[in-house]
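Structure file upload02.txt (compact mmCIF, C-alpha atoms) is printed below.
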# COMPACT_ATOMS: atom_id res chain seq x y z
CA MET P 170 -6.04 31.00 -5.22
CA ALA P 171 -8.76 32.75 -3.19
CA SER P 172 -11.03 33.05 -6.22
CA ARG P 173 -10.51 29.36 -7.02
CA LEU P 174 -11.57 28.43 -3.50
CA LEU P 175 -14.62 30.67 -3.76
CA TRP P 176 -15.63 29.04 -7.04
CA ALA P 177 -15.05 25.62 -5.52
CA SER P 178 -17.18 26.47 -2.48
CA ARG P 179 -20.03 27.75 -4.67
CA ALA P 180 -19.87 24.65 -6.84
CA ALA P 181 -19.68 22.49 -3.72
CA SER P 182 -22.75 24.05 -2.15
CA TYR P 183 -24.68 23.73 -5.41
CA LEU P 184 -23.80 20.05 -5.55
CA ARG P 185 -24.52 19.61 -1.83
CA ILE P 186 -20.94 18.70 -1.13
CA SER P 187 -19.32 20.26 1.88
CA VAL P 188 -15.71 21.24 1.38
CA SER P 189 -13.52 20.85 4.41
CA HIS P 190 -11.76 24.09 5.32
CA ARG P 191 -8.57 22.09 5.66
CA GLY P 192 -8.09 21.18 2.07
CA PHE P 193 -9.73 19.60 -0.86
CA ALA P 194 -11.07 16.20 0.27
CA SER P 195 -14.82 16.35 -0.04
CA VAL P 196 -17.62 14.70 1.87
CA VAL P 197 -21.20 14.31 0.65
CA LYS P 198 -24.11 15.06 2.97
CA ASP P 199 -26.69 12.29 3.36
CA LEU P 200 -24.08 9.56 3.16
CA LYS P 201 -22.82 7.68 6.19
CA TYR P 202 -19.14 7.09 6.83
CA ALA P 203 -16.96 4.53 8.55
CA GLU P 204 -13.72 5.40 10.35
CA SER P 205 -11.96 3.13 7.89
CA HIS P 206 -12.95 5.65 5.19
CA GLU P 207 -15.74 3.86 3.36
CA TRP P 208 -19.07 5.56 2.59
CA VAL P 209 -22.51 4.06 2.32
CA LYS P 210 -25.68 5.38 0.67
CA VAL P 211 -28.87 3.64 1.64
CA ASP P 212 -31.93 3.43 -0.59
CA GLY P 213 -34.60 1.21 0.93
CA ASN P 214 -32.90 -2.13 1.56
CA THR P 215 -30.04 -1.47 -0.82
CA ALA P 216 -26.79 0.05 0.34
CA THR P 217 -24.21 1.34 -2.15
CA VAL P 218 -20.65 1.30 -0.82
CA GLY P 219 -17.42 2.96 -1.90
CA ILE P 220 -14.35 4.65 -0.48
CA THR P 221 -14.24 8.34 0.34
CA ASP P 222 -12.44 11.22 -1.32
CA HIS P 223 -10.11 11.35 1.70
CA ALA P 224 -9.29 7.67 1.20
CA GLN P 225 -8.60 7.93 -2.52
CA ASP P 226 -6.44 11.00 -1.98
CA HIS P 227 -4.35 9.22 0.63
CA LEU P 228 -4.06 6.08 -1.49
CA GLY P 229 -2.79 7.63 -4.70
CA ASP P 230 -3.65 6.47 -8.22
CA VAL P 231 -5.72 3.30 -7.99
CA VAL P 232 -4.58 0.63 -10.44
CA PHE P 233 -6.66 -2.34 -9.32
CA VAL P 234 -9.81 -3.00 -7.30
CA GLU P 235 -10.42 -6.47 -5.90
CA LEU P 236 -14.21 -6.75 -6.02
CA PRO P 237 -16.23 -9.10 -3.84
CA GLU P 238 -18.25 -11.91 -5.45
CA VAL P 239 -21.93 -11.26 -6.10
CA GLY P 240 -23.80 -13.35 -3.58
CA ALA P 241 -21.08 -13.11 -0.95
CA THR P 242 -22.01 -12.19 2.60
CA VAL P 243 -20.38 -9.13 4.12
CA SER P 244 -20.35 -8.04 7.76
CA GLN P 245 -19.97 -4.56 9.16
CA GLY P 246 -16.30 -3.93 9.90
CA SER P 247 -15.02 -6.97 8.00
CA GLY P 248 -12.89 -6.85 4.87
CA PHE P 249 -14.72 -7.24 1.58
CA GLY P 250 -12.01 -6.50 -0.94
CA ALA P 251 -8.91 -4.44 -1.57
CA VAL P 252 -7.69 -1.50 -3.57
CA GLU P 253 -4.19 -1.31 -5.06
CA SER P 254 -2.35 1.96 -5.62
CA VAL P 255 1.36 2.93 -5.72
CA LYS P 256 2.46 -0.66 -5.09
CA ALA P 257 0.32 -0.87 -1.94
CA THR P 258 -2.78 -3.01 -1.53
CA SER P 259 -5.15 -1.63 1.09
CA ASP P 260 -7.94 -3.75 2.49
CA VAL P 261 -11.39 -2.15 2.45
CA TYR P 262 -14.03 -2.82 5.11
CA SER P 263 -17.77 -3.05 4.73
CA PRO P 264 -19.74 -0.40 6.62
CA VAL P 265 -22.83 -2.64 6.54
CA SER P 266 -23.81 -6.30 6.80
CA GLY P 267 -25.76 -8.16 4.16
CA ASN P 268 -25.47 -9.89 0.78
CA VAL P 269 -23.62 -8.45 -2.16
CA ILE P 270 -26.15 -8.01 -4.97
CA GLU P 271 -24.07 -6.07 -7.47
CA VAL P 272 -20.46 -5.02 -8.01
CA ASN P 273 -19.12 -2.23 -10.20
CA GLU P 274 -17.53 -4.19 -13.06
CA GLU P 275 -16.48 -0.86 -14.65
CA LEU P 276 -13.69 -0.76 -12.09
CA ASN P 277 -12.03 -3.75 -13.77
CA ASN P 278 -11.34 -1.60 -16.83
CA SER P 279 -11.22 1.80 -15.16
CA PRO P 280 -9.97 1.50 -11.58
CA GLY P 281 -9.16 5.22 -11.69
CA LEU P 282 -12.87 5.98 -11.30
CA VAL P 283 -12.27 5.48 -7.59
CA ASN P 284 -9.97 8.52 -7.71
CA SER P 285 -11.89 10.72 -10.14
CA SER P 286 -15.41 9.98 -8.87
CA PRO P 287 -15.24 8.30 -5.45
CA TYR P 288 -18.90 8.98 -4.55
CA GLU P 289 -20.50 8.42 -7.95
CA LYS P 290 -18.94 6.37 -10.75
CA GLY P 291 -16.33 4.88 -8.39
CA TRP P 292 -18.89 2.97 -6.26
CA ILE P 293 -17.67 -0.54 -5.44
CA MET P 294 -20.57 -2.76 -4.39
CA LYS P 295 -24.28 -2.82 -3.60
CA VAL P 296 -25.46 -4.76 -0.58
CA GLU P 297 -28.90 -5.95 0.44
CA VAL P 298 -28.98 -4.76 4.03
CA LYS P 299 -30.63 -6.82 6.76
CA ASP P 300 -30.34 -4.48 9.72
CA ALA P 301 -30.71 -0.76 9.08
CA SER P 302 -29.91 0.08 12.71
CA GLU P 303 -26.26 -0.73 11.95
CA LEU P 304 -26.07 2.63 10.21
CA ASP P 305 -26.46 4.35 13.59
CA THR P 306 -22.90 3.34 14.42
CA LEU P 307 -21.56 5.21 11.40
CA LYS P 308 -20.66 8.89 11.18
CA ASN P 309 -22.56 11.63 9.40
CA SER P 310 -20.72 13.90 6.96
CA ASP P 311 -19.79 16.58 9.52
CA ASP P 312 -18.46 14.10 12.07
CA TYR P 313 -16.54 12.28 9.37
CA ALA P 314 -14.98 15.49 8.07
CA LYS P 315 -13.89 16.32 11.62
CA PHE P 316 -12.51 12.80 12.07
CA CYS P 317 -10.43 13.18 8.90
CA ASP P 318 -9.02 16.48 10.11
CA GLU P 319 -8.05 14.90 13.43
CA GLU P 320 -6.43 11.96 11.71
CA ASP P 321 -4.42 14.16 9.37
CA ALA P 322 -3.29 16.38 12.23
CA LYS P 323 -1.52 13.40 13.80
CA HIS P 324 1.19 13.61 11.21
CA MET Y 171 1.31 17.38 19.12
CA ARG Y 172 4.45 15.41 19.97
CA PHE Y 173 4.38 12.00 21.52
CA GLN Y 174 6.96 9.32 21.97
CA ARG Y 175 7.02 6.55 19.45
CA SER Y 176 9.07 3.41 19.57
CA LEU Y 177 10.21 1.11 16.82
CA GLU Y 178 11.35 -2.38 17.67
CA VAL Y 179 13.86 -3.79 15.21
CA TRP Y 180 14.28 -7.49 14.51
CA LYS Y 181 17.41 -8.43 12.59
CA LEU Y 182 16.63 -11.82 11.09
CA GLY Y 183 19.59 -12.52 8.80
CA LYS Y 184 18.75 -14.79 5.87
CA ILE Y 185 15.24 -16.16 6.25
CA ASN Y 186 13.03 -18.20 3.98
CA TYR Y 187 10.21 -16.19 2.34
CA LEU Y 188 7.29 -18.19 3.76
CA GLU Y 189 8.73 -18.09 7.25
CA ALA Y 190 9.03 -14.31 7.01
CA LEU Y 191 5.47 -14.08 5.65
CA LYS Y 192 4.03 -16.13 8.54
CA LEU Y 193 5.96 -13.99 11.00
CA GLN Y 194 4.60 -10.80 9.43
CA GLU Y 195 1.01 -12.11 9.56
CA LYS Y 196 1.41 -12.83 13.26
CA LEU Y 197 3.00 -9.46 13.94
CA VAL Y 198 0.26 -7.62 12.05
CA CYS Y 199 -2.34 -9.33 14.29
CA ASP Y 200 -0.33 -8.48 17.38
CA ARG Y 201 0.11 -4.89 16.28
CA LYS Y 202 -3.60 -4.55 15.55
CA ALA Y 203 -4.31 -5.84 19.08
CA HIS Y 204 -1.77 -3.34 20.51
CA LYS Y 205 0.32 -6.21 21.90
CA ILE Y 206 3.48 -4.94 20.23
CA PRO Y 207 4.84 -1.54 19.21
CA ASP Y 208 5.68 -0.62 15.60
CA THR Y 209 8.15 -3.28 14.49
CA LEU Y 210 10.70 -3.43 11.72
CA LEU Y 211 12.06 -6.64 10.25
CA SER Y 212 15.48 -6.39 8.61
CA LEU Y 213 16.51 -9.44 6.60
CA GLN Y 214 17.58 -11.11 3.37
CA HIS Y 215 15.92 -13.97 1.48
CA PRO Y 216 17.40 -16.88 -0.44
CA PRO Y 217 16.66 -16.61 -4.19
CA THR Y 218 12.90 -16.01 -4.37
CA TYR Y 219 10.48 -14.63 -6.95
CA THR Y 220 7.25 -13.15 -5.66
CA LEU Y 221 4.03 -11.98 -7.29
CA GLY Y 222 1.59 -9.41 -5.95
CA LYS Y 223 -2.17 -9.53 -5.54
CA ARG Y 224 -2.78 -9.09 -9.26
CA ARG Y 225 -0.86 -12.32 -9.95
CA THR Y 226 0.92 -11.07 -13.05
CA ASP Y 227 2.31 -14.52 -13.96
CA HIS Y 228 3.00 -13.40 -17.50
CA ASN Y 229 5.97 -11.42 -16.17
CA LEU Y 230 7.73 -14.61 -15.09
CA LEU Y 231 9.82 -15.53 -18.14
CA ILE Y 232 11.03 -18.91 -16.98
CA PRO Y 233 8.79 -22.01 -16.72
CA VAL Y 234 7.97 -22.78 -13.09
CA PRO Y 235 9.59 -26.26 -13.21
CA GLU Y 236 12.88 -24.56 -14.18
CA LEU Y 237 12.97 -22.50 -10.99
CA GLU Y 238 14.34 -25.35 -8.95
CA LYS Y 239 17.29 -25.67 -11.37
CA ILE Y 240 18.32 -22.09 -10.69
CA GLY Y 241 17.79 -22.55 -6.96
CA ALA Y 242 14.81 -20.21 -6.67
CA GLU Y 243 11.32 -20.40 -5.18
CA LEU Y 244 8.12 -18.67 -6.32
CA HIS Y 245 5.48 -17.24 -3.97
CA TYR Y 246 2.14 -15.53 -4.45
CA THR Y 247 1.36 -12.72 -2.02
CA GLN Y 248 -1.29 -10.16 -1.14
CA ARG Y 249 1.04 -7.20 -1.47
CA GLY Y 250 0.76 -4.48 -4.07
CA GLY Y 251 3.11 -4.32 -7.02
CA ASP Y 252 4.17 -6.70 -9.75
CA ILE Y 253 6.72 -9.51 -9.90
CA THR Y 254 10.07 -9.10 -8.22
CA TYR Y 255 13.17 -11.01 -7.17
CA HIS Y 256 14.70 -11.23 -3.71
CA GLY Y 257 18.06 -12.79 -3.00
CA PRO Y 258 21.21 -12.68 -0.90
CA HIS Y 259 22.86 -9.27 -0.59
CA GLN Y 260 19.60 -7.45 -1.17
CA ALA Y 261 18.61 -5.48 1.95
CA ILE Y 262 14.96 -6.05 2.80
CA LEU Y 263 12.91 -4.09 5.33
CA TYR Y 264 9.40 -5.12 6.34
CA PRO Y 265 7.95 -2.40 8.59
CA ILE Y 266 4.93 -3.53 10.61
CA ILE Y 267 3.58 -0.10 11.40
CA SER Y 268 0.22 1.37 12.30
CA LEU Y 269 -0.38 4.04 9.67
CA ARG Y 270 -3.71 4.89 11.31
CA GLU Y 271 -2.01 5.89 14.55
CA ILE Y 272 0.14 8.40 12.72
CA GLY Y 273 -2.50 9.51 10.21
CA LEU Y 274 -0.45 8.43 7.21
CA GLY Y 275 -1.96 7.16 3.96
CA ALA Y 276 -0.54 4.61 1.53
CA ARG Y 277 0.79 7.20 -0.88
CA LYS Y 278 2.77 9.14 1.77
CA TYR Y 279 4.03 5.92 3.35
CA VAL Y 280 5.35 4.64 0.03
CA GLU Y 281 6.96 8.03 -0.64
CA LYS Y 282 8.76 7.71 2.68
CA LEU Y 283 9.99 4.22 1.80
CA GLU Y 284 11.34 5.67 -1.43
CA LEU Y 285 13.02 8.51 0.47
CA THR Y 286 14.70 6.02 2.79
CA MET Y 287 16.30 4.24 -0.14
CA ILE Y 288 17.23 7.50 -1.86
CA ASP Y 289 18.95 8.71 1.32
CA MET Y 290 20.67 5.37 1.66
CA ALA Y 291 22.01 5.52 -1.88
CA SER Y 292 23.26 9.07 -1.37
CA GLN Y 293 25.27 7.93 1.66
CA TYR Y 294 27.36 6.04 -0.88
CA GLY Y 295 27.49 8.81 -3.44
CA VAL Y 296 24.77 7.40 -5.67
CA LYS Y 297 22.18 9.86 -6.89
CA ALA Y 298 18.85 8.07 -6.92
CA CYS Y 299 15.33 9.37 -7.27
CA ALA Y 300 11.73 8.26 -6.92
CA GLY Y 301 10.01 6.74 -9.91
CA LYS Y 302 7.69 8.64 -12.18
CA LYS Y 303 3.95 7.94 -12.19
CA CYS Y 304 3.24 4.20 -12.37
CA GLU Y 305 6.93 3.42 -11.76
CA THR Y 306 7.01 3.39 -7.97
CA GLY Y 307 10.44 2.53 -6.68
CA VAL Y 308 13.89 4.04 -6.62
CA TRP Y 309 15.91 4.66 -9.74
CA VAL Y 310 19.41 5.66 -10.76
CA GLY Y 311 18.73 7.17 -14.15
CA ASP Y 312 16.88 4.46 -16.04
CA ARG Y 313 18.04 1.68 -13.76
CA LYS Y 314 16.01 0.43 -10.83
CA ILE Y 315 17.88 0.03 -7.55
CA GLY Y 316 15.04 -0.29 -5.07
CA ALA Y 317 11.59 -1.88 -5.18
CA ILE Y 318 8.51 -1.48 -3.05
CA GLY Y 319 5.50 -3.70 -2.46
CA VAL Y 320 3.24 -3.15 0.51
CA ARG Y 321 0.11 -4.55 2.08
CA ILE Y 322 -2.06 -2.45 4.40
CA SER Y 323 -4.58 -4.32 6.49
CA SER Y 324 -6.61 -2.54 9.18
CA GLY Y 325 -4.16 0.31 8.75
CA ILE Y 326 -1.16 -1.91 9.58
CA THR Y 327 1.62 -2.33 7.02
CA SER Y 328 3.45 -5.49 6.00
CA HIS Y 329 5.91 -6.36 3.23
CA GLY Y 330 7.96 -3.25 2.40
CA LEU Y 331 11.11 -2.45 0.48
CA ALA Y 332 14.00 -4.25 -1.18
CA PHE Y 333 17.21 -2.34 -1.83
CA ASN Y 334 19.85 -3.84 -4.13
CA ILE Y 335 23.22 -3.69 -2.43
CA ASP Y 336 24.91 -6.48 -4.38
CA PRO Y 337 22.46 -9.22 -5.35
CA ASP Y 338 23.11 -11.47 -8.34
CA LEU Y 339 21.44 -9.34 -11.00
CA ASP Y 340 21.27 -12.27 -13.43
CA TYR Y 341 18.25 -13.54 -11.53
CA PHE Y 342 16.33 -10.48 -12.74
CA LYS Y 343 16.73 -11.70 -16.33
CA HIS Y 344 14.06 -14.34 -15.69
CA ILE Y 345 11.34 -11.77 -15.03
CA VAL Y 346 10.01 -8.48 -16.33
CA PRO Y 347 10.92 -6.70 -13.07
CA CYS Y 348 7.91 -4.92 -11.62
CA GLY Y 349 6.23 -5.33 -15.02
CA ILE Y 350 8.39 -2.63 -16.59
CA ALA Y 351 9.86 -4.12 -19.75
CA ASP Y 352 12.41 -1.67 -21.05
CA LYS Y 353 14.33 -0.72 -17.93
CA GLU Y 354 17.35 -2.32 -16.28
CA VAL Y 355 17.92 -3.29 -12.71
CA THR Y 356 21.01 -2.11 -10.88
CA SER Y 357 22.69 -2.31 -7.49
CA LEU Y 358 24.82 -0.20 -5.19
CA ARG Y 359 27.75 -2.42 -6.19
CA ARG Y 360 27.22 -1.76 -9.88
CA GLU Y 361 26.75 1.98 -9.39
CA THR Y 362 29.77 2.48 -7.15
CA GLY Y 363 32.06 -0.24 -8.39
CA ASN Y 364 33.09 -1.21 -4.91
CA ILE Y 365 30.38 -1.21 -2.24
CA GLY Y 366 29.56 -4.75 -1.27
CA PHE Y 367 27.26 -6.28 1.25
CA LYS Y 368 29.84 -6.11 4.04
CA ALA Y 369 28.93 -2.43 4.27
CA PHE Y 370 25.40 -3.48 5.05
CA GLU Y 371 26.07 -6.44 7.31
CA ASN Y 372 25.05 -4.14 10.11
CA SER Y 373 21.86 -2.70 8.69
CA GLY Y 374 21.87 0.07 11.25
CA PRO Y 375 22.06 2.89 8.72
CA VAL Y 376 18.98 1.81 6.74
CA VAL Y 377 16.96 1.22 9.87
CA ILE Y 378 17.84 4.60 11.35
CA MET Y 379 17.00 6.25 8.06
CA LEU Y 380 13.62 4.58 7.97
CA GLY Y 381 12.94 5.53 11.57
CA GLU Y 382 13.65 9.17 10.82
CA VAL Y 383 11.66 9.31 7.65
CA ILE Y 384 8.43 7.68 8.82
Structure rendered as structure tokens:
Amino acid sequence: MASRLLWASRAASYLRISVSHRGFASVVKDLKYAESHEWVKVDGNTATVGITDHAQDHLGDVVFVELPEVGATVSQGSGFGAVESVKATSDVYSPVSGNVIEVNEELNNSPGLVNSSPYEKGWIMKVEVKDASELDTLKNSDDYAKFCDEEDAKH
Amino acid sequence: MRFQRSLEVWKLGKINYLEALKLQEKLVCDRKAHKIPDTLLSLQHPPTYTLGKRRTDHNLLIPVPELEKIGAELHYTQRGGDITYHGPHQAILYPIISLREIGLGARKYVEKLELTMIDMASQYGVKACAGKKCETGVWVGDRKIGAIGVRISSGITSHGLAFNIDPDLDYFKHIVPCGIADKEVTSLRRETGNIGFKAFENSGPVVIMLGEVI
């Protein structure tokens, strides 16, 4: 078990993922995080949004992702879609405001990508962001990891 | 860290599906605004078929105009899960609970709903278990005795579980229950031969079980 953790830590640091000491839910540096467990990666005016490893782990196997419409307007903190797993639909909330310019159609055929690759292939939507200062209200990877630990300790 | 939690229970008797849905929507808003504590609705519905968010209409095997003839309604919902039937003598619980406040995720919450029904069944000598992967719910062998369909919005739950005490199982013949084609549906009555709904008129036991498990 110890050697597996060591290997995982080495792999994590190579991939610039920090592994929480608590368990196995990963966070990625350079992304921003909402308390409702969505992540956002900003590149110029385009923000890519998905749900975190912590979120997918707590949801269970995802069987359906309700994607927003391309062209729809999203606001920070408002619902933009839903994810279904284990007979539960969970609303997801946009960490940024703007217009949806692309959605990950792959998720229609392979919703499990949200579980297997929450930060890469499991991305949900891309948004053209109007106000970059909104990101200041979000957490960085360390603060988010701490937040997850605190939330899990409640139970 | 221990802190006191309260659960307010509303026993609603037999209530129409849409009425119950509107009530849940209001309670979810109130719970989100911290106006009410965690709340549990305990009720039955008149004969009603419901579909989940994915709208799997193909699992309704009877034409919609025929529903009236069998005295049933059909409703589309935002909950997870496939098609199901609700009717008299099926014990329904709709917990309106803040999962965020207790740090619980969907998967663990659903597992606890399953455990509640398993414990309930065992009180009457019926050995039930949770479903395998992709077959969420509670089973006695190959026969489904309890169904789950949940919605989580801003971390607050609505919809919940349906446990078959003694509903008219013939109504299940008009659907592919939960989208699982080759499995039967059963009830506490069928599994024990004698437990009827009278035993559940006071739904105290189920409620207490749920309170302990969550």
Two-atom distance - CA of Asp312 (chain Y), CA of Val280 (chain Y) (Å):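 If I compute the distance from CA of Asp312 (chain Y) to CA of Val280 (chain Y), I get 19.8 Å.
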Cut-off 12 Å around (17.6, -6.7, -7.0) with all atoms listed in the file: residues as a ChimeraX atom specification: /Y:214-215,217-219,253-262,307-309,313-318,331-343,345,347-348,354-360
Selected residue of minimal separation from Leu304 (chain P) among P:Val232, P:Leu276, P:Val243, P:Val265, counting all atoms listed in the file: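 Result for the nearest residue to Leu304 (chain P): P:Val265.
One distance worth recording is that between CA of Phe316 (chain P) and CA of Glu271 (chain Y), which is 12.8 Å.
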Test item: chain Y residues at most 12 Å from chain P, counting all atoms listed in the file, as JSON, numbers by chain: {"Y": [171, 172, 173, 221, 222, 223, 224, 225, 247, 248, 249, 250, 251, 252, 253, 254, 269, 270, 271, 272, 273, 274, 275, 276, 277, 278, 279, 280, 281, 283, 284, 300, 301, 302, 303, 304, 305, 306, 307, 317, 318, 319, 320, 321, 322, 323, 324, 325, 326, 327, 328, 329, 330, 331, 348, 349, 383, 384]}
Produce region 213-254 of chain Y of the given structure as output with C-alpha atoms, as a short mmCIF file (atom, residue, chain, number, x, y, z; two decimals), in the first residue's frame.
data_model
loop_
_atom_site.label_atom_id
_atom_site.label_comp_id
_atom_site.auth_asym_id
_atom_site.auth_seq_id
_atom_site.Cartn_x
_atom_site.Cartn_y
_atom_site.Cartn_z
CA LEU Y 213 -46.80 9.45 1.98
CA GLN Y 214 -48.49 7.30 -0.65
CA HIS Y 215 -49.64 8.24 -4.15
CA PRO Y 216 -52.68 7.18 -6.14
CA PRO Y 217 -51.70 5.07 -9.18
CA THR Y 218 -48.98 7.11 -10.92
CA TYR Y 219 -46.22 6.40 -13.42
CA THR Y 220 -43.25 8.73 -13.41
CA LEU Y 221 -40.26 9.24 -15.69
CA GLY Y 222 -36.88 10.67 -14.76
CA LYS Y 223 -34.80 13.38 -16.38
CA ARG Y 224 -33.75 11.14 -19.25
CA ARG Y 225 -37.42 10.74 -20.25
CA THR Y 226 -37.20 7.06 -21.13
CA ASP Y 227 -40.70 6.94 -22.66
CA HIS Y 228 -39.91 3.72 -24.45
CA ASN Y 229 -40.18 1.92 -21.10
CA LEU Y 230 -43.88 2.77 -20.85
CA LEU Y 231 -45.58 -0.21 -22.49
CA ILE Y 232 -49.11 1.13 -22.54
CA PRO Y 233 -50.30 3.95 -24.83
CA VAL Y 234 -50.75 7.17 -22.87
CA PRO Y 235 -54.49 7.44 -23.71
CA GLU Y 236 -54.98 4.03 -22.05
CA LEU Y 237 -53.66 5.26 -18.70
CA GLU Y 238 -56.94 6.87 -17.78
CA LYS Y 239 -58.72 3.52 -18.26
CA ILE Y 240 -56.50 1.89 -15.65
CA GLY Y 241 -56.89 4.87 -13.34
CA ALA Y 242 -53.29 6.04 -13.56
CA GLU Y 243 -51.50 9.33 -14.25
CA LEU Y 244 -48.13 9.93 -15.92
CA HIS Y 245 -45.63 12.59 -14.84
CA TYR Y 246 -42.25 13.73 -16.09
CA THR Y 247 -39.75 14.72 -13.42
CA GLN Y 248 -36.20 15.98 -12.94
CA ARG Y 249 -35.17 13.10 -10.70
CA GLY Y 250 -32.59 10.48 -11.57
CA GLY Y 251 -33.59 6.97 -12.54
CA ASP Y 252 -35.89 5.43 -15.11
CA ILE Y 253 -39.64 4.82 -15.20
CA THR Y 254 -41.43 3.64 -12.11
#
